[in-house]
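Below: one structure, written as structure tokens.
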Amino acid sequence: MSKVYSNGGHTVTVADDGAIVVKPGDWLSKYSMAIHRDFNHVNEFGRKTPAPSGPVKPVQNVDQISAGETLYHLPTHREWARRRGGTTTPPAPRVSRANPVLILKSDRDPGKKRDGAIANDMLFGDYSKNRIINIRSMFEWDDIRNDLDTAPASVFFDKLELMATSLFAMGALEGNIKRMIARFKSNTGGQYSDVILTQAVKAHARCVKFENETRQRLHVAIKKYQGDVTQIIPNIDVQKTTGLFFNTKTDIANGLTIAINDVWAWRVEVVEYELLNNAYKGTYKITLYDHFGLDEPDVDNSKNYGYLNGFRSWFILQHLNRFAYRPFLTVASWESTFSGRL
């Protein structure tokens, strides 16, 4: 038995199983207004995927419907299937670590600018002595006290570590910054991660808020796609609104700011997922990236950091062409579980 819905000059006929035969000139907003008295329910319609006998899945592109094809009003179709003892929810693929599902990603990659070029604070060995001493006058004093042409790297590493441990780190994170400087001294680049640092990042109020918002939006997206997590559109269905930076007075004092100041890049992936009937559970992985490196604005006259010889020493070690110590990616990554019902 079919039912005719009519509202605001829009009419649509819906079969008992929710089927709607698309007529020329039809669009989903018309169906939404006729049935729900609102244009904003276009996600309540689906089609069999793959056609003609696959399970009914939500329409992905609301503008692409064709005259003559059969769509389905999802609430009606679900109720029809319930009465028949069936289900309209297709078995969702079991997401595995080998095939994670990306749900959120920054618009730039680790170590890169948005245009794909290497980030300025990841460059090294790209300054002559004269170019460095022209950044600000205090670099000239560094050259006078310790000739930039001949002084060993150890002089500048000592200044960097003294500054970091006496002014910008204490407690558990003091050990972390020492390990980061040791990694810098090894001149190997690559990636650095540390359990103590990750724990501090994960527990920070900004990360807690970011994770809570991400989890809530993930639940909404899963329900939108009837449990099929593989249909989630990254950065559309799940969006980031909380800034990830660590610059409170406490962050500066305890060693978080000098280790990870402003997160450069991030990604969130579902790495495990199961759907059974209407219940789902899974695990997502959050990965944050920053650069343990400096660029010129970090030490020029626009910021106060350049007054500290430890920061100037860091810049010299990284950028002076005769040293060229490699910066590296700092990575904080952890996993959390989630569960819910459709």
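Ordering of the structure tokens sets the chain letters (A, B, ...), residue numbers begin anew at 1 in every chain, and ligands are numbered from 1 in the order given.
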
TODO: Skip Glu269 in chain A itself and residues of its chain fewer than 5 positions away, then list as a list in words all residues within 7 Å of it, counting only C-alpha atoms.
DONE: Pro100, Val101, Leu102, Ile103, Tyr284, Lys285 and Ile286 of chain A

Task: Residue set, range 74-126 of chain A restricted to alpha helix (DSSP H), as a list in words - done: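 Output for range 74-126 of chain A, alpha helix (DSSP H) only: Leu74, Pro75, Thr76, His77, Arg78, Glu79, Trp80, Ala81, Arg82, Arg83 and Arg84 of chain A.
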
Could those selected residues go to a file with N, CA and C atoms, as a CSV table (one decimal), in the first residue's frame?
```csv
chain,number,residue,atom,x,y,z
A,74,LEU,N,14.1,6.4,4.1
A,74,LEU,CA,14.8,5.5,5.0
A,74,LEU,C,13.9,5.2,6.3
A,75,PRO,N,13.3,6.1,6.9
A,75,PRO,CA,12.5,5.7,8.1
A,75,PRO,C,11.4,4.8,7.7
A,76,THR,N,10.7,5.0,6.6
A,76,THR,CA,9.7,4.1,6.1
A,76,THR,C,10.2,2.7,5.8
A,77,HIS,N,11.4,2.7,5.1
A,77,HIS,CA,12.0,1.4,4.7
A,77,HIS,C,12.4,0.6,6.0
A,78,ARG,N,13.0,1.3,7.0
A,78,ARG,CA,13.4,0.6,8.2
A,78,ARG,C,12.2,0.0,8.9
A,79,GLU,N,11.1,0.8,9.0
A,79,GLU,CA,9.9,0.2,9.6
A,79,GLU,C,9.4,-1.0,8.9
A,80,TRP,N,9.4,-0.9,7.6
A,80,TRP,CA,8.9,-2.0,6.7
A,80,TRP,C,9.8,-3.2,7.0
A,81,ALA,N,11.1,-3.1,7.0
A,81,ALA,CA,12.0,-4.2,7.3
A,81,ALA,C,11.8,-4.7,8.7
A,82,ARG,N,11.6,-3.9,9.7
A,82,ARG,CA,11.3,-4.3,11.0
A,82,ARG,C,10.1,-5.2,11.1
A,83,ARG,N,9.0,-4.8,10.4
A,83,ARG,CA,7.8,-5.6,10.4
A,83,ARG,C,8.0,-7.0,9.8
A,84,ARG,N,8.9,-7.0,8.8
A,84,ARG,CA,9.2,-8.3,8.1
A,84,ARG,C,10.3,-9.1,8.8
```

Residues of range 120-253 of chain A in strand (DSSP E or B) according to DSSP, as a CSV table (one decimal) with N, CA and C atoms, in the first residue's frame?
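Saved the output as result37.csv:
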```csv
chain,number,residue,atom,x,y,z
A,127,TYR,N,71.6,29.1,6.3
A,127,TYR,CA,72.0,30.5,6.6
A,127,TYR,C,73.6,30.6,6.6
A,191,GLN,N,61.4,11.2,13.3
A,191,GLN,CA,60.3,11.4,14.2
A,191,GLN,C,60.7,11.1,15.6
A,192,TYR,N,60.1,11.8,16.6
A,192,TYR,CA,60.4,11.6,18.0
A,192,TYR,C,59.1,11.5,18.7
A,234,PRO,N,35.9,12.7,5.6
A,234,PRO,CA,36.8,13.4,6.5
A,234,PRO,C,36.6,14.9,6.4
A,238,VAL,N,33.0,15.0,10.2
A,238,VAL,CA,33.7,15.2,11.5
A,238,VAL,C,34.7,16.4,11.3
A,245,PHE,N,47.0,24.2,20.9
A,245,PHE,CA,48.2,24.8,21.2
A,245,PHE,C,48.4,24.8,22.7
```

Task: Among the residues A:Thr198, A:Asn309, A:Thr214, A:Asn321, the one that comes closest to Thr242 in chain A [using only C-alpha atoms] - done: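 The closest residue to Thr242 in chain A is A:Thr214.
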
Task: Counting only C-alpha atoms, the option among A:Gln318, A:Thr283, A:Ser66, A:Asn247 closest to Asn187 in chain A - done: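 The answer is A:Gln318, which sits nearest to Asn187 in chain A.
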
Produce a table with one row for each residue of range 226-259 of chain A that has an atom at most 12 Å from any atom of range 149-164 of chain A, each row naming the nearest atom pair and its distance in Å at one decimal; use only C-alpha atoms; arrange rows by chain and rising residue number; format as JSON lines.
```
{"residue": "A:Ile252", "atom": "CA", "partner": "A:Ala164", "partner_atom": "CA", "distance": 10.3}
{"residue": "A:Ala253", "atom": "CA", "partner": "A:Ala164", "partner_atom": "CA", "distance": 9.9}
{"residue": "A:Asn254", "atom": "CA", "partner": "A:Ala164", "partner_atom": "CA", "distance": 10.3}
{"residue": "A:Gly255", "atom": "CA", "partner": "A:Ala164", "partner_atom": "CA", "distance": 8.1}
{"residue": "A:Leu256", "atom": "CA", "partner": "A:Ala164", "partner_atom": "CA", "distance": 11.0}
{"residue": "A:Thr257", "atom": "CA", "partner": "A:Ala164", "partner_atom": "CA", "distance": 10.6}
{"residue": "A:Ile258", "atom": "CA", "partner": "A:Ala164", "partner_atom": "CA", "distance": 7.7}
{"residue": "A:Ala259", "atom": "CA", "partner": "A:Ala164", "partner_atom": "CA", "distance": 9.8}
```
